[in-house]
Amino acid sequence: MDESAAPQVGAGIRRRRRVLDLTLAEVASRTAPSVPFLSQVENDRARSSMRSLQSIVDALGTTAVQLLSAADGPRRVDVVRAEGDPGLASAREGGARSLVRGQHQLHALEFVGAHDADREFEHRNDELMSVADGAAEVVAEGATRHLRRGDTLHLTGRVRHRWRAVEPGTRVVLVAVADHVDVTAGPPR
């Protein structure tokens, strides 16, 4: 497989939209992007901003990570090159790129630049956040935690949280146990 292939989120959007039996117009009525722009995104002829992508995944009741996973089959060995990988959106506005392609037991994303601090998250399973460069602020369980370069924060599943970059050029790596994995089931007998 081509190690340098850019993420193709369009196929995941189209697959999810069809599973929900929605038209492009119905999705567009729930989001900011227009029908023609959604069509271009689905066909990977246009790239949405992080804000537009977030409105699309919200309308589809999913996440960007799940869309990327659905668009790409699992790979037993895979190298995701930093060079030439445009990620999900431009770094100018705050971008993200998947560090693990396909559907696996964990997801890993790298966020660069600004991040929407108003968006609250709650994941089914555990998540690990590590600050590679800059600084970030995480609000969870009523407390604000300040993270600097090299700091790591672990969140148990179902902990509601939000975060933001507090310095320009901040890079945050998030690793999470995939939602399709049931960590409460215990080991097989």
# chains A, B, ... in the order shown; residues from 1 in each chain; ligands from 1

$ residues_around --residues "region 166-168 of chain A" --least-positions-apart "5" --cutoff "9 Å" --atoms "only C-alpha atoms" --output "ChimeraX atom specification"
/A:112-114,134-137

$ residues_around --residues "region 40-47 of chain A" --least-positions-apart "4" --cutoff "6 Å" --atoms "only C-alpha atoms" --output "list in words"
Gly10, Ala11 and Arg14 of chain A

$ residues_around --residues "region 50-55 of chain A" --least-positions-apart "6" --cutoff "7 Å" --atoms "only C-alpha atoms" --output "number ranges by chain"
A: 31-33, 89, 95

$ select_by_dssp --residues "chain A" --states "strand (DSSP E)" --output "ChimeraX atom specification"
/A:95-98,106-112,127-133,135-140,143-148,152-155,161-165,171-177

$ write_last_selection --atoms "C-alpha atoms" --output "mmCIF file, in the first residue's frame"
data_model
loop_
_atom_site.group_PDB
_atom_site.id
_atom_site.type_symbol
_atom_site.label_atom_id
_atom_site.label_comp_id
_atom_site.auth_asym_id
_atom_site.auth_seq_id
_atom_site.Cartn_x
_atom_site.Cartn_y
_atom_site.Cartn_z
ATOM 1 C CA GLY A 95 -5.323 20.817 11.515
ATOM 2 C CA ALA A 96 -5.370 17.163 12.395
ATOM 3 C CA ARG A 97 -3.917 14.084 10.833
ATOM 4 C CA SER A 98 -4.521 10.453 11.524
ATOM 5 C CA LEU A 106 -6.783 2.198 18.884
ATOM 6 C CA HIS A 107 -6.975 5.553 17.171
ATOM 7 C CA ALA A 108 -4.197 8.121 17.111
ATOM 8 C CA LEU A 109 -4.453 11.686 15.861
ATOM 9 C CA GLU A 110 -2.070 14.619 15.816
ATOM 10 C CA PHE A 111 -3.587 18.085 16.210
ATOM 11 C CA VAL A 112 -1.576 21.163 15.215
ATOM 12 C CA GLU A 127 -7.816 8.296 25.882
ATOM 13 C CA LEU A 128 -4.237 9.467 26.256
ATOM 14 C CA MET A 129 -3.250 13.046 25.384
ATOM 15 C CA SER A 130 0.404 14.028 24.993
ATOM 16 C CA VAL A 131 1.731 17.492 24.198
ATOM 17 C CA ALA A 132 4.552 17.175 21.639
ATOM 18 C CA ASP A 133 5.153 20.948 21.308
ATOM 19 C CA ALA A 135 1.044 23.929 25.621
ATOM 20 C CA ALA A 136 -2.564 22.867 26.053
ATOM 21 C CA GLU A 137 -5.298 23.282 28.595
ATOM 22 C CA VAL A 138 -7.718 20.455 29.415
ATOM 23 C CA VAL A 139 -10.916 20.846 31.420
ATOM 24 C CA ALA A 140 -12.212 17.570 32.898
ATOM 25 C CA ALA A 143 -10.778 21.078 36.982
ATOM 26 C CA THR A 144 -8.421 22.709 34.496
ATOM 27 C CA ARG A 145 -5.109 20.978 33.833
ATOM 28 C CA HIS A 146 -2.266 22.845 32.125
ATOM 29 C CA LEU A 147 -0.046 20.642 29.963
ATOM 30 C CA ARG A 148 3.320 21.636 28.536
ATOM 31 C CA THR A 152 0.727 13.395 29.179
ATOM 32 C CA LEU A 153 -2.832 13.147 30.472
ATOM 33 C CA HIS A 154 -4.872 9.940 30.736
ATOM 34 C CA LEU A 155 -8.675 10.083 30.702
ATOM 35 C CA HIS A 161 -13.697 16.909 28.705
ATOM 36 C CA ARG A 162 -12.666 19.713 26.393
ATOM 37 C CA TRP A 163 -9.273 21.088 25.483
ATOM 38 C CA ARG A 164 -7.510 23.865 23.647
ATOM 39 C CA ALA A 165 -4.033 24.816 22.489
ATOM 40 C CA ARG A 171 1.071 19.864 18.643
ATOM 41 C CA VAL A 172 -1.075 17.436 20.623
ATOM 42 C CA VAL A 173 -1.126 13.687 20.044
ATOM 43 C CA LEU A 174 -4.267 11.840 21.089
ATOM 44 C CA VAL A 175 -4.371 8.069 21.364
ATOM 45 C CA ALA A 176 -7.691 6.434 22.216
ATOM 46 C CA VAL A 177 -9.064 2.932 22.498
#

$ closest_residue --among "A:Thr63, A:Leu24, A:Arg17, A:Val77" --to "Pro36 (chain A)" --atoms "only C-alpha atoms"
A:Leu24

$ closest_residue --among "A:Ala117, A:Ala178, A:Leu20, A:Ala25" --to "Phe37 (chain A)" --atoms "only C-alpha atoms"
A:Ala25

$ atom_distance --atom1 "CA of Val27 (chain A)" --atom2 "CA of Arg15 (chain A)"
12.8 Å
